[in-house]
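Pasted below: coords_1.pdb, PDB, C-alpha atoms.
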```
ATOM      1  CA  MET A   1     165.925  93.026 147.671
ATOM      2  CA  ASN A   2     163.537  93.245 150.608
ATOM      3  CA  GLN A   3     159.908  94.036 149.865
ATOM      4  CA  VAL A   4     157.477  95.824 152.158
ATOM      5  CA  THR A   5     153.684  95.637 151.934
ATOM      6  CA  VAL A   6     152.013  98.982 151.367
ATOM      7  CA  VAL A   7     148.214  99.232 151.397
ATOM      8  CA  VAL A   8     146.984 101.756 148.855
ATOM      9  CA  GLU A   9     143.259 102.436 149.113
ATOM     10  CA  GLY A  10     142.689  98.954 150.548
ATOM     11  CA  HIS A  11     144.862  97.172 147.962
ATOM     12  CA  PRO A  12     148.144  95.643 149.195
ATOM     13  CA  ILE A  13     151.160  96.109 146.936
ATOM     14  CA  SER A  14     154.818  95.157 147.381
ATOM     15  CA  VAL A  15     157.344  97.956 147.311
ATOM     16  CA  PRO A  16     161.137  97.814 147.724
ATOM     17  CA  ALA A  17     162.083  98.506 151.352
ATOM     18  CA  GLU A  18     164.278 101.462 150.359
ATOM     19  CA  VAL A  19     161.305 103.170 148.693
ATOM     20  CA  ALA A  20     158.831 102.285 151.441
ATOM     21  CA  GLY A  21     161.181 103.660 154.104
ATOM     22  CA  ASP A  22     161.145 107.199 152.709
ATOM     23  CA  ASP A  23     157.829 109.087 152.470
ATOM     24  CA  GLU A  24     158.912 111.232 149.527
ATOM     25  CA  LEU A  25     160.276 108.271 147.552
ATOM     26  CA  LEU A  26     157.073 106.344 148.250
ATOM     27  CA  ARG A  27     154.898 109.266 147.099
ATOM     28  CA  LYS A  28     157.020 109.662 143.987
ATOM     29  CA  ALA A  29     156.776 105.937 143.191
ATOM     30  CA  LEU A  30     152.998 105.905 143.706
ATOM     31  CA  SER A  31     152.394 109.125 141.768
ATOM     32  CA  VAL A  32     152.650 107.133 138.518
ATOM     33  CA  MET A  33     149.263 105.684 139.531
ATOM     34  CA  GLY A  34     147.724 109.161 139.669
ATOM     35  CA  PRO A  35     148.555 112.744 140.634
ATOM     36  CA  GLU A  36     146.582 112.448 143.879
ATOM     37  CA  TYR A  37     149.387 110.262 145.277
ATOM     38  CA  ALA A  38     152.006 113.033 145.001
ATOM     39  CA  GLY A  39     150.682 114.488 148.260
ATOM     40  CA  ALA A  40     149.373 111.263 149.759
ATOM     41  CA  GLN A  41     148.995 110.794 153.491
ATOM     42  CA  ILE A  42     151.228 107.974 154.736
ATOM     43  CA  GLN A  43     150.478 106.199 158.018
ATOM     44  CA  ARG A  44     153.012 103.983 159.713
ATOM     45  CA  GLN A  45     152.055 101.815 162.683
ATOM     46  CA  PRO A  46     154.165  99.146 164.384
ATOM     47  CA  ASP A  47     153.547  95.589 163.147
ATOM     48  CA  LYS A  48     151.090  96.778 160.463
ATOM     49  CA  PRO A  49     151.506  97.487 156.766
ATOM     50  CA  ILE A  50     152.115 101.067 155.662
ATOM     51  CA  THR A  51     148.821 102.683 154.684
ATOM     52  CA  VAL A  52     148.640 105.281 151.928
ATOM     53  CA  SER A  53     145.622 107.543 151.455
ATOM     54  CA  PRO A  54     145.603 109.896 148.466
ATOM     55  CA  ARG A  55     144.718 113.535 148.913
ATOM     56  CA  ARG A  56     142.437 114.339 146.091
ATOM     57  CA  GLY A  57     142.296 117.861 144.789
ATOM     58  CA  SER A  58     139.191 119.700 143.777
ATOM     59  CA  LYS A  59     137.986 119.868 140.210
ATOM     60  CA  GLY A  60     136.183 123.188 140.409
ATOM     61  CA  ALA A  61     133.270 124.625 142.290
ATOM     62  CA  LEU A  62     130.669 121.855 142.150
ATOM     63  CA  PRO A  63     127.502 123.924 142.704
ATOM     64  CA  VAL A  64     128.536 126.451 140.050
ATOM     65  CA  CYS A  65     129.470 123.730 137.537
ATOM     66  CA  LEU A  66     126.259 121.812 138.063
ATOM     67  CA  ALA A  67     124.153 124.963 137.890
ATOM     68  CA  VAL A  68     125.496 125.508 134.368
ATOM     69  CA  LEU A  69     125.608 121.887 133.214
ATOM     70  CA  ASP A  70     122.289 120.567 134.566
ATOM     71  CA  PRO A  71     119.989 122.614 132.315
ATOM     72  CA  ALA A  72     122.257 122.171 129.270
ATOM     73  CA  SER A  73     120.843 119.884 126.638
ATOM     74  CA  ASP A  74     122.657 116.819 125.359
ATOM     75  CA  GLU A  75     123.582 117.477 121.771
ATOM     76  CA  ILE A  76     124.985 115.640 118.810
ATOM     77  CA  ASN A  77     126.526 117.528 115.928
ATOM     78  CA  PRO A  78     123.707 117.925 113.354
ATOM     79  CA  ALA A  79     125.995 116.809 110.508
ATOM     80  CA  ILE A  80     126.642 113.532 112.343
ATOM     81  CA  GLU A  81     122.926 113.070 112.972
ATOM     82  CA  CYS A  82     122.282 113.645 109.263
ATOM     83  CA  ALA A  83     124.964 111.131 108.266
ATOM     84  CA  CYS A  84     123.376 108.518 110.537
ATOM     85  CA  TRP A  85     119.936 109.295 109.110
ATOM     86  CA  LEU A  86     121.281 108.909 105.553
ATOM     87  CA  GLN A  87     122.852 105.548 106.408
ATOM     88  CA  GLN A  88     119.580 104.393 107.908
ATOM     89  CA  GLN A  89     117.621 105.556 104.854
ATOM     90  CA  GLU A  90     120.036 103.780 102.540
ATOM     91  CA  LEU A  91     119.703 100.530 104.489
ATOM     92  CA  GLN A  92     115.904 100.705 104.747
ATOM     93  CA  GLN A  93     114.840 102.110 101.396
ATOM     94  CA  GLY A  94     117.937 102.775  99.374
ATOM     95  CA  LEU A  95     118.698 106.301  98.225
ATOM     96  CA  VAL A  96     115.870 107.302  95.902
ATOM     97  CA  LEU A  97     116.674 109.635  93.013
ATOM     98  CA  GLU A  98     113.237 111.276  93.204
ATOM     99  CA  ARG A  99     114.064 112.564  96.690
ATOM    100  CA  ALA A 100     117.622 113.668  95.835
ATOM    101  CA  GLY A 101     116.761 117.382  95.937
ATOM    102  CA  GLU A 102     115.053 117.059  99.316
ATOM    103  CA  THR A 103     117.949 114.973 100.635
ATOM    104  CA  ALA A 104     120.524 117.452  99.298
ATOM    105  CA  GLU A 105     118.713 120.286 101.091
ATOM    106  CA  ALA A 106     118.700 118.340 104.351
ATOM    107  CA  ILE A 107     122.416 117.609 103.947
ATOM    108  CA  GLN A 108     123.226 121.282 103.314
ATOM    109  CA  VAL A 109     121.222 122.399 106.355
ATOM    110  CA  ALA A 110     122.961 119.760 108.488
ATOM    111  CA  ILE A 111     126.402 120.842 107.250
ATOM    112  CA  GLU A 112     125.731 124.493 108.086
ATOM    113  CA  ALA A 113     124.284 123.635 111.496
ATOM    114  CA  GLY A 114     127.196 121.274 112.164
ATOM    115  CA  GLN A 115     129.742 123.964 111.327
ATOM    116  CA  GLN A 116     127.993 126.424 113.638
ATOM    117  CA  TRP A 117     127.925 123.753 116.365
ATOM    118  CA  ILE A 118     131.690 123.224 115.964
ATOM    119  CA  GLN A 119     132.352 126.983 116.185
ATOM    120  CA  LEU A 120     130.289 127.241 119.376
ATOM    121  CA  SER A 121     132.090 124.222 120.846
ATOM    122  CA  HIS A 122     135.484 125.774 120.071
ATOM    123  CA  ARG A 123     134.395 129.063 121.610
ATOM    124  CA  ALA A 124     133.228 127.281 124.773
ATOM    125  CA  LEU A 125     136.530 125.404 124.966
ATOM    126  CA  GLN A 126     138.473 128.664 124.599
ATOM    127  CA  HIS A 127     136.490 130.175 127.477
ATOM    128  CA  LEU A 128     137.261 127.134 129.626
ATOM    129  CA  ASP A 129     140.964 127.268 128.723
ATOM    130  CA  GLN A 130     141.156 130.979 129.561
ATOM    131  CA  SER A 131     139.193 130.811 132.804
ATOM    132  CA  THR A 132     140.948 130.939 136.138
ATOM    133  CA  PRO A 133     140.624 127.785 138.257
ATOM    134  CA  ALA A 134     138.542 128.326 141.378
ATOM    135  CA  PRO A 135     139.718 126.495 144.490
ATOM    136  CA  THR A 136     137.090 124.737 146.536
ATOM    137  CA  SER A 137     136.893 122.279 149.384
ATOM    138  CA  LEU A 138     134.160 120.316 147.594
ATOM    139  CA  LEU A 139     134.987 117.160 145.680
ATOM    140  CA  ILE A 140     133.138 116.096 142.568
ATOM    141  CA  PRO A 141     131.950 112.501 142.970
ATOM    142  CA  GLY A 142     134.208 110.111 141.115
ATOM    143  CA  PHE A 143     137.435 112.126 141.583
TER     144      PHE A 143
END
```
Let's see the structure in the file written out as structure tokens.
Amino acid sequence: MNQVTVVVEGHPISVPAEVAGDDELLRKALSVMGPEYAGAQIQRQPDKPITVSPRRGSKGALPVCLAVLDPASDEINPAIECACWLQQQELQQGLVLERAGETAEAIQVAIEAGQQWIQLSHRALQHLDQSTPAPTSLLIPGF
């Protein structure tokens, strides 16, 4: 079986000649590497390897996304923070019976805050799932 060299984003790979000879077959074969290859641009020049350049799609309106995400605080679920704090206390001092009431209160507050955090996260995810994608010509770095 004859192999043909195809350069994909600067990386040479060997592809069966039958696949390399047909643009659609080549796109289909390369699309297992990522969806951006399904519509890849294929350049053929005499005496040179076939060059494939993916066409990356947009991932949303960058300025709008960043305007919302930039001021958002980084958060960790309060129940997880409390669990880490308890582990640290146990390692450093051991769990002291005299402070059990205080610790129990902190645990209860963390549980309630953690449950609220989870509800807000689920609500945000529902909004994202229900929102209509917005086409844009901008590309988010890294995609």
Enclose range 124-129 of chain A, meaning all of its atoms listed in the file, in a box aligned along x, y and z, pad it by 8 Å on each side, and list the centre and edge lengths in Å to one decimal, as JSON.
```
{"center_x": 137.1, "center_y": 127.8, "center_z": 127.1, "size_x": 23.7, "size_y": 20.8, "size_z": 21.0}
```
(request) Enter the distance from CA of Ile107 in chain A to CA of Cys82 in chain A, in Å, rounded to one decimal. (result)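 Interatomic distance here is 6.6 Å.
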(message) I need the residue nearest Leu26 in chain A from this list: A:Thr103, A:Gln87, A:Thr132, A:Thr51. Use only C-alpha atoms for the distance.
(response)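 Looking only at the distances to Leu26 in chain A, the closest residue turns out to be A:Thr51.
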(request) Report the distance between CA of Ala113 in chain A and CA of Asn77 in chain A in Å, rounded to one decimal place. (result)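 Separation between CA of Ala113 in chain A and CA of Asn77 in chain A: 7.9 Å.
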(message) Applying 12 Å and all atoms listed in the file, which residues near Pro78 in chain A remain after dropping the ones on its own chain fewer than 2 positions away? List them as a VMD selection string.
(response) chain A and resid 75 to 76 80 to 85 106 to 118
(request) Could you please determine the separation between CA of Gly10 in chain A and CA of Asp23 in chain A in Å, to one decimal place? (result) 18.3 Å
(request) Would you kindly return, as a count of residues only, each protein, DNA or RNA residue with an atom no farther than 12 Å from any atom of Asp22 in chain A, considering all atoms listed in the file and excluding same-chain residues fewer than 4 positions away? (result) 13
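Using all atoms listed in the file, the nearest neighbour of Glu9 in chain A within the list A:Gly101, A:Gly94, A:Pro54, A:Pro49 is A:Pro54.
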(message) Please expand the PyMOL selection byres ((chain A and resi 55) around 9) into the concrete residues it hits in this file, giving the result as a list in words.
(response) Glu36, Tyr37, Ala38, Gly39, Ala40, Gln41, Ser53, Pro54, Arg56 and Gly57 of chain A
(request) Could you tell me which of A:Leu120, A:Glu98, A:Gln126, A:Asn2 comes closest to Ala20 in chain A if we count all atoms listed in the file? (result)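 Among the listed residues, the smallest separation from Ala20 in chain A belongs to A:Asn2.
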Complete the atoms of range 104-122 of chain A to N, CA and C atoms and put them out as a PDB file, keeping the file's coordinate frame.
```pdb
ATOM      1  N   ALA A 104     119.413 116.501  99.432  1.00  0.00           N
ATOM      2  CA  ALA A 104     120.524 117.452  99.298  1.00  0.00           C
ATOM      3  C   ALA A 104     120.293 118.680 100.176  1.00  0.00           C
ATOM      4  N   GLU A 105     119.042 119.141 100.228  1.00  0.00           N
ATOM      5  CA  GLU A 105     118.713 120.286 101.091  1.00  0.00           C
ATOM      6  C   GLU A 105     118.957 119.936 102.556  1.00  0.00           C
ATOM      7  N   ALA A 106     118.513 118.774 102.964  1.00  0.00           N
ATOM      8  CA  ALA A 106     118.700 118.340 104.351  1.00  0.00           C
ATOM      9  C   ALA A 106     120.187 118.225 104.685  1.00  0.00           C
ATOM     10  N   ILE A 107     120.972 117.735 103.730  1.00  0.00           N
ATOM     11  CA  ILE A 107     122.416 117.609 103.947  1.00  0.00           C
ATOM     12  C   ILE A 107     123.050 118.987 104.102  1.00  0.00           C
ATOM     13  N   GLN A 108     122.666 119.930 103.244  1.00  0.00           N
ATOM     14  CA  GLN A 108     123.226 121.282 103.314  1.00  0.00           C
ATOM     15  C   GLN A 108     122.876 121.964 104.637  1.00  0.00           C
ATOM     16  N   VAL A 109     121.643 121.824 105.073  1.00  0.00           N
ATOM     17  CA  VAL A 109     121.222 122.399 106.355  1.00  0.00           C
ATOM     18  C   VAL A 109     122.024 121.773 107.501  1.00  0.00           C
ATOM     19  N   ALA A 110     122.207 120.458 107.440  1.00  0.00           N
ATOM     20  CA  ALA A 110     122.961 119.760 108.488  1.00  0.00           C
ATOM     21  C   ALA A 110     124.425 120.194 108.502  1.00  0.00           C
ATOM     22  N   ILE A 111     125.007 120.392 107.328  1.00  0.00           N
ATOM     23  CA  ILE A 111     126.402 120.842 107.250  1.00  0.00           C
ATOM     24  C   ILE A 111     126.551 122.222 107.887  1.00  0.00           C
ATOM     25  N   GLU A 112     125.665 123.133 107.535  1.00  0.00           N
ATOM     26  CA  GLU A 112     125.731 124.493 108.086  1.00  0.00           C
ATOM     27  C   GLU A 112     125.524 124.491 109.603  1.00  0.00           C
ATOM     28  N   ALA A 113     124.532 123.719 110.060  1.00  0.00           N
ATOM     29  CA  ALA A 113     124.284 123.635 111.496  1.00  0.00           C
ATOM     30  C   ALA A 113     125.460 122.964 112.211  1.00  0.00           C
ATOM     31  N   GLY A 114     126.050 121.962 111.584  1.00  0.00           N
ATOM     32  CA  GLY A 114     127.196 121.274 112.164  1.00  0.00           C
ATOM     33  C   GLY A 114     128.400 122.189 112.283  1.00  0.00           C
ATOM     34  N   GLN A 115     128.628 123.019 111.269  1.00  0.00           N
ATOM     35  CA  GLN A 115     129.742 123.964 111.327  1.00  0.00           C
ATOM     36  C   GLN A 115     129.521 124.997 112.429  1.00  0.00           C
ATOM     37  N   GLN A 116     128.305 125.465 112.571  1.00  0.00           N
ATOM     38  CA  GLN A 116     127.993 126.424 113.638  1.00  0.00           C
ATOM     39  C   GLN A 116     128.195 125.755 115.006  1.00  0.00           C
ATOM     40  N   TRP A 117     127.770 124.515 115.124  1.00  0.00           N
ATOM     41  CA  TRP A 117     127.925 123.753 116.365  1.00  0.00           C
ATOM     42  C   TRP A 117     129.395 123.634 116.724  1.00  0.00           C
ATOM     43  N   ILE A 118     130.243 123.349 115.732  1.00  0.00           N
ATOM     44  CA  ILE A 118     131.690 123.224 115.964  1.00  0.00           C
ATOM     45  C   ILE A 118     132.272 124.557 116.424  1.00  0.00           C
ATOM     46  N   GLN A 119     131.857 125.662 115.784  1.00  0.00           N
ATOM     47  CA  GLN A 119     132.352 126.983 116.185  1.00  0.00           C
ATOM     48  C   GLN A 119     131.962 127.296 117.629  1.00  0.00           C
ATOM     49  N   LEU A 120     130.730 127.000 118.000  1.00  0.00           N
ATOM     50  CA  LEU A 120     130.289 127.241 119.376  1.00  0.00           C
ATOM     51  C   LEU A 120     131.051 126.368 120.364  1.00  0.00           C
ATOM     52  N   SER A 121     131.326 125.130 119.986  1.00  0.00           N
ATOM     53  CA  SER A 121     132.090 124.222 120.846  1.00  0.00           C
ATOM     54  C   SER A 121     133.508 124.744 121.047  1.00  0.00           C
ATOM     55  N   HIS A 122     134.131 125.226 119.967  1.00  0.00           N
ATOM     56  CA  HIS A 122     135.484 125.774 120.071  1.00  0.00           C
ATOM     57  C   HIS A 122     135.496 127.024 120.943  1.00  0.00           C
TER      58      HIS A 122
END
```
